[in-house]
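I have placed the structure first, in the form of structure tokens, so that the comments after it can refer back to it.
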Amino acid sequence: MPKINYQQLEKKLVNAKRNAWDEATDKEKKEIMTFAEGYKDYLNSAKTEREAVTCGIELAQANGFKNLESCENLQTGDKVYAVNRGKSLVFIVIGKNLAVAGFNLVMSHVDTPHLDLKVNPLYEDAGIAYFKTHYYGGIKKYQWPTIPLALHGVVILANGKKVEITIGEKDADPIFMISDLLPHLGREQLKKTLEEGVTAEELNIVIGSLPVADKNIKERIKLAILEHLNSVYGLIEADFASAELQIVAASKARDLGFDRSLLAAFGQDDRVCAYTSMQAIFNAKKSARTQVCLWIDREEIGSEGNTGAQSFWLENVIAAVLEKTGENANFKDVYKVFEKSQAISADVTAAFDPDYKEVHDPRNAAYLGAGVAMEKHTGHRGKAMTSEASAEYMQKLREVLDKNKVVWQTGGLGKVDQGGGGTIAMFLAKRNLDVVDMGVGVLNMHAPMEIVSKTDTYQAYKAYQAFFEMV
Ligand code: MN
Ligand code: MN
């Protein structure tokens, strides 16, 4: 019997955790850092879904994409984009024979947890003017008081004019803030659970304190704020009813750590996947298969709504492409195309947090720096509220990732029965195509600043590019 070399055997048989930095050459390390600079610029100019889409359109045009609506006919190799209500965006590179070959789709979301202004937000109390808010998506409410906040959004005035507002991002801008109780008087508050400590109706934004001079006016500070809003934006109080105004963290994307290997920013769930998939479609080799990169809205509240993943907008876009390529199109055919297609639900996952080991399954969690994470399924409680990728599809993607030297890991959102969460994968799966979740691991997901690894971000970019090129 020859002596067995167990070190070789271990290398062959055991699925070891990887570190993407270990596998990067010095040249690649530079590329990873350079890629992060572009990503930071995008994060800083795209804090709402509307801003993300505006930014995406500019970049699409700069990369030779044309508005689908303006194209009469489409040929193989044409690059087009389409927009839904300014809040979702799709980039398409036309392949050969879409009706027969289907498409490769990477779908991410550009909405992010934040605070929306209520429809009637403005009031004053005890010498302070406030905006009332209603949170959007899954936030931990205690994280929002005492941090600098910015106001972003649009107001449609009574005359139909659209006013865009962004305050709190430039150094010279004022910021906004939610106050918290001083510890000296916080004894009762501190006995509450983190969930109850700060309530939704306490998430009121301090916006001013200067009254108008006329003491006969009942709410002098409120009127002063309205006077300001009217003089700068032409806004009256009733216009809040036709507005989409969001409160976000007033922070820039920053390098994190002495070694700058990490990145902290607002809204990386899921703009890290949106940005990387966009760069991937810009840089992918053209393929026989049509390539589709879709940014969707409303994921954080269940993908409901006309700009969410449950909307039939994607069907309409594919039908339009079929029509413009001269391929036969009726509604039945659209779903036949979906059946031949394959997708990645590009969304973030929880990275293993050593301070909170107890919620993770350490053998099945994604780790920071270990590459892009592929999740066979998400969901919770017995795999509810999720789709699951088939063994066959998982194999196909493994092969593509390995062939393209993408550093990847498997991921899973926490221990079984710990909680969990869903993605848009299940809404794609409804259209009867193959879909798997693949994205970047995030620390303190849904917090006003979230942490990712720059190398995982770069691996996601490489993974999506390889997927777009996959036949
Ligand atoms: Mn997400
Ligand atoms: Mn999320």
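Residues in the structure tokens are numbered from 1 in each chain, the chains being A, B, ... in the order shown, and ligands are numbered from 1 in the order shown.
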
### Task
Select the residues contacting ligand 1 at a distance of at most 12 Å, based on only C-alpha atoms and all ligand atoms, then format the selection as an NGL selection string.
:A and (107-113 or 137-138 or 267-274 or 295-303 or 345-350 or 378 or 413 or 421-425 or 437-442 or 445-446 or 450)

Filtering to C-alpha atoms, could you give me those residues as a PDB file, in the first residue's frame?
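Final file, selection_17.pdb:
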```
ATOM      1  CA  MET A 107     -31.493  41.760 -11.022  1.00  0.00           C
ATOM      2  CA  SER A 108     -30.636  43.959  -8.050  1.00  0.00           C
ATOM      3  CA  HIS A 109     -32.552  46.651  -6.178  1.00  0.00           C
ATOM      4  CA  VAL A 110     -31.854  50.364  -5.779  1.00  0.00           C
ATOM      5  CA  ASP A 111     -34.240  51.188  -2.952  1.00  0.00           C
ATOM      6  CA  THR A 112     -32.774  51.147   0.521  1.00  0.00           C
ATOM      7  CA  PRO A 113     -34.141  51.397   4.079  1.00  0.00           C
ATOM      8  CA  GLY A 137     -37.970  48.964   5.055  1.00  0.00           C
ATOM      9  CA  GLY A 138     -36.528  47.101   8.007  1.00  0.00           C
ATOM     10  CA  GLY A 267     -27.363  52.228   1.137  1.00  0.00           C
ATOM     11  CA  GLN A 268     -24.924  49.508   0.132  1.00  0.00           C
ATOM     12  CA  ASP A 269     -27.864  47.083   0.360  1.00  0.00           C
ATOM     13  CA  ASP A 270     -28.270  46.785  -2.511  1.00  0.00           C
ATOM     14  CA  ARG A 271     -26.320  49.393  -4.446  1.00  0.00           C
ATOM     15  CA  VAL A 272     -23.205  47.273  -4.095  1.00  0.00           C
ATOM     16  CA  CYS A 273     -24.905  44.728  -6.370  1.00  0.00           C
ATOM     17  CA  ALA A 274     -26.513  47.412  -8.559  1.00  0.00           C
ATOM     18  CA  TRP A 295     -32.374  47.627 -11.157  1.00  0.00           C
ATOM     19  CA  ILE A 296     -35.654  47.337  -9.336  1.00  0.00           C
ATOM     20  CA  ASP A 297     -37.370  49.402  -6.626  1.00  0.00           C
ATOM     21  CA  ARG A 298     -39.547  48.422  -3.601  1.00  0.00           C
ATOM     22  CA  GLU A 299     -37.533  45.332  -2.603  1.00  0.00           C
ATOM     23  CA  GLU A 300     -37.225  46.448   0.995  1.00  0.00           C
ATOM     24  CA  ILE A 301     -40.986  46.449   1.502  1.00  0.00           C
ATOM     25  CA  GLY A 302     -41.778  43.178  -0.272  1.00  0.00           C
ATOM     26  CA  SER A 303     -41.359  44.069  -3.959  1.00  0.00           C
ATOM     27  CA  SER A 345     -30.903  37.698  -7.886  1.00  0.00           C
ATOM     28  CA  ALA A 346     -28.071  40.044  -6.987  1.00  0.00           C
ATOM     29  CA  ASP A 347     -28.591  41.022  -3.383  1.00  0.00           C
ATOM     30  CA  VAL A 348     -26.477  41.342  -0.298  1.00  0.00           C
ATOM     31  CA  THR A 349     -26.320  38.815   2.490  1.00  0.00           C
ATOM     32  CA  ALA A 350     -25.311  38.972   6.144  1.00  0.00           C
ATOM     33  CA  THR A 378     -32.778  32.581   1.473  1.00  0.00           C
ATOM     34  CA  LEU A 413     -28.704  34.215   6.305  1.00  0.00           C
ATOM     35  CA  GLY A 421     -35.202  37.337   5.023  1.00  0.00           C
ATOM     36  CA  GLY A 422     -36.235  37.037   1.406  1.00  0.00           C
ATOM     37  CA  THR A 423     -35.025  38.511  -1.852  1.00  0.00           C
ATOM     38  CA  ILE A 424     -36.452  39.069  -5.309  1.00  0.00           C
ATOM     39  CA  ALA A 425     -35.344  35.565  -6.359  1.00  0.00           C
ATOM     40  CA  ASP A 437     -29.019  34.565  -5.088  1.00  0.00           C
ATOM     41  CA  MET A 438     -25.527  35.939  -5.427  1.00  0.00           C
ATOM     42  CA  GLY A 439     -24.144  39.041  -3.779  1.00  0.00           C
ATOM     43  CA  VAL A 440     -21.869  40.698  -1.302  1.00  0.00           C
ATOM     44  CA  GLY A 441     -21.674  40.009   2.443  1.00  0.00           C
ATOM     45  CA  VAL A 442     -22.489  43.073   4.562  1.00  0.00           C
ATOM     46  CA  MET A 445     -26.910  45.616   7.050  1.00  0.00           C
ATOM     47  CA  HIS A 446     -29.790  48.167   7.047  1.00  0.00           C
ATOM     48  CA  GLU A 450     -23.158  49.550   6.175  1.00  0.00           C
TER      49      GLU A 450
END
```

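Non-sequential neighbours of Asn84 of chain A (distance at most 10 Å, separation of 6 or more positions within a chain, only C-alpha atoms) are Val53, Val90, Ile296, Asp297, Asn306, Thr307, Gly308, Trp313, Leu314 and Val317 of chain A.
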
### Query
Per DSSP on the backbone, what are the strand (DSSP E) residues of segment 132-216 of chain A, as a VMD selection string?
chain A and resid 132 to 136 149 to 156 162 to 167 205 to 208

### Query
Lys340 of chain A: which residues within 9 Å, counting only C-alpha atoms, same-chain residues fewer than 5 positions away excluded, as number ranges by chain?
A: 99-103, 335, 432-434

From segment 123-286 of chain A, collect each residue whose DSSP state is alpha helix (DSSP H) and return the set as a short mmCIF file (atom, residue, chain, number, x, y, z; two decimals) with N, CA and C atoms, in the first residue's frame.
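Contents of the output file part03.cif:
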```cif
data_model
loop_
_atom_site.label_atom_id
_atom_site.label_comp_id
_atom_site.auth_asym_id
_atom_site.auth_seq_id
_atom_site.Cartn_x
_atom_site.Cartn_y
_atom_site.Cartn_z
N ARG A 187 -33.33 56.86 32.48
CA ARG A 187 -33.38 55.62 33.26
C ARG A 187 -34.51 54.69 32.83
N GLU A 188 -35.69 55.25 32.66
CA GLU A 188 -36.83 54.41 32.26
C GLU A 188 -36.67 53.95 30.80
N GLN A 189 -36.20 54.89 29.96
CA GLN A 189 -36.00 54.53 28.55
C GLN A 189 -35.01 53.38 28.41
N LEU A 190 -33.94 53.44 29.22
CA LEU A 190 -32.87 52.43 29.09
C LEU A 190 -33.30 51.05 29.57
N LYS A 191 -34.41 51.00 30.30
CA LYS A 191 -34.92 49.69 30.73
C LYS A 191 -35.70 49.00 29.61
N LEU A 194 -34.31 47.19 22.98
CA LEU A 194 -33.84 47.98 21.84
C LEU A 194 -34.99 48.24 20.86
N GLU A 195 -35.89 47.30 20.75
CA GLU A 195 -37.01 47.43 19.82
C GLU A 195 -37.97 48.53 20.27
N GLU A 196 -38.17 48.64 21.60
CA GLU A 196 -39.15 49.60 22.11
C GLU A 196 -38.54 50.94 22.53
N GLY A 197 -37.22 50.98 22.63
CA GLY A 197 -36.54 52.16 23.17
C GLY A 197 -36.81 53.43 22.39
N ARG A 220 -45.52 80.14 14.72
CA ARG A 220 -44.62 81.08 14.07
C ARG A 220 -43.40 80.38 13.43
N ILE A 221 -42.95 79.30 14.04
CA ILE A 221 -41.76 78.60 13.48
C ILE A 221 -42.16 77.79 12.25
N LYS A 222 -43.30 77.14 12.37
CA LYS A 222 -43.82 76.38 11.23
C LYS A 222 -43.99 77.31 10.02
N LEU A 223 -44.56 78.50 10.28
CA LEU A 223 -44.76 79.44 9.18
C LEU A 223 -43.43 79.91 8.59
N ALA A 224 -42.45 80.09 9.46
CA ALA A 224 -41.12 80.51 8.98
C ALA A 224 -40.50 79.45 8.08
N ILE A 225 -40.69 78.18 8.46
CA ILE A 225 -40.17 77.08 7.61
C ILE A 225 -40.89 77.09 6.27
N LEU A 226 -42.22 77.26 6.30
CA LEU A 226 -42.98 77.30 5.05
C LEU A 226 -42.57 78.49 4.19
N GLU A 227 -42.32 79.62 4.85
CA GLU A 227 -41.88 80.81 4.11
C GLU A 227 -40.57 80.51 3.38
N HIS A 228 -39.66 79.84 4.09
CA HIS A 228 -38.38 79.46 3.49
C HIS A 228 -38.58 78.50 2.31
N LEU A 229 -39.38 77.46 2.54
CA LEU A 229 -39.60 76.45 1.49
C LEU A 229 -40.29 77.09 0.28
N ASN A 230 -41.15 78.05 0.55
CA ASN A 230 -41.84 78.72 -0.55
C ASN A 230 -40.89 79.61 -1.34
N SER A 231 -40.02 80.33 -0.62
CA SER A 231 -39.13 81.25 -1.35
C SER A 231 -38.07 80.48 -2.13
N VAL A 232 -37.60 79.33 -1.62
CA VAL A 232 -36.55 78.58 -2.32
C VAL A 232 -37.14 77.64 -3.39
N TYR A 233 -38.24 76.95 -3.06
CA TYR A 233 -38.76 75.90 -3.95
C TYR A 233 -40.14 76.20 -4.52
N GLN A 268 -25.65 50.52 0.92
CA GLN A 268 -24.92 49.51 0.13
C GLN A 268 -25.80 48.29 -0.17
N ASP A 269 -26.80 48.04 0.68
CA ASP A 269 -27.86 47.08 0.36
C ASP A 269 -28.90 47.86 -0.46
N ASP A 270 -28.93 47.80 -1.73
CA ASP A 270 -28.27 46.79 -2.51
C ASP A 270 -27.45 47.44 -3.62
N ARG A 271 -27.01 48.69 -3.36
CA ARG A 271 -26.32 49.39 -4.45
C ARG A 271 -24.97 48.78 -4.73
N VAL A 272 -24.45 47.96 -3.80
CA VAL A 272 -23.21 47.27 -4.09
C VAL A 272 -23.43 46.28 -5.25
N CYS A 273 -24.60 45.66 -5.27
CA CYS A 273 -24.91 44.73 -6.37
C CYS A 273 -25.36 45.49 -7.61
N ALA A 274 -26.07 46.60 -7.41
CA ALA A 274 -26.51 47.41 -8.56
C ALA A 274 -25.30 47.94 -9.32
N TYR A 275 -24.35 48.51 -8.61
CA TYR A 275 -23.17 49.10 -9.26
C TYR A 275 -22.31 48.03 -9.93
N THR A 276 -22.06 46.93 -9.23
CA THR A 276 -21.19 45.89 -9.78
C THR A 276 -21.84 45.23 -11.00
N SER A 277 -23.17 45.03 -10.96
CA SER A 277 -23.82 44.39 -12.12
C SER A 277 -23.85 45.35 -13.30
N MET A 278 -24.00 46.66 -13.04
CA MET A 278 -23.95 47.64 -14.13
C MET A 278 -22.56 47.65 -14.78
N GLN A 279 -21.52 47.70 -13.96
CA GLN A 279 -20.16 47.68 -14.52
C GLN A 279 -19.92 46.37 -15.27
N ALA A 280 -20.52 45.30 -14.77
CA ALA A 280 -20.35 43.99 -15.43
C ALA A 280 -20.97 44.00 -16.82
N ILE A 281 -22.17 44.56 -16.96
CA ILE A 281 -22.79 44.55 -18.30
C ILE A 281 -22.06 45.53 -19.22
N PHE A 282 -21.51 46.60 -18.66
CA PHE A 282 -20.72 47.54 -19.49
C PHE A 282 -19.48 46.85 -20.05
N ASN A 283 -18.88 45.97 -19.26
CA ASN A 283 -17.58 45.42 -19.63
C ASN A 283 -17.62 43.97 -20.11
#
```

### Task
Have a look at A:Ala391, A:Ala447, A:Ala200, A:Ala82 and name the one nearest to ligand 2; count only C-alpha atoms and all ligand atoms.
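Distance minimum relative to ligand 2 lands on A:Ala447.
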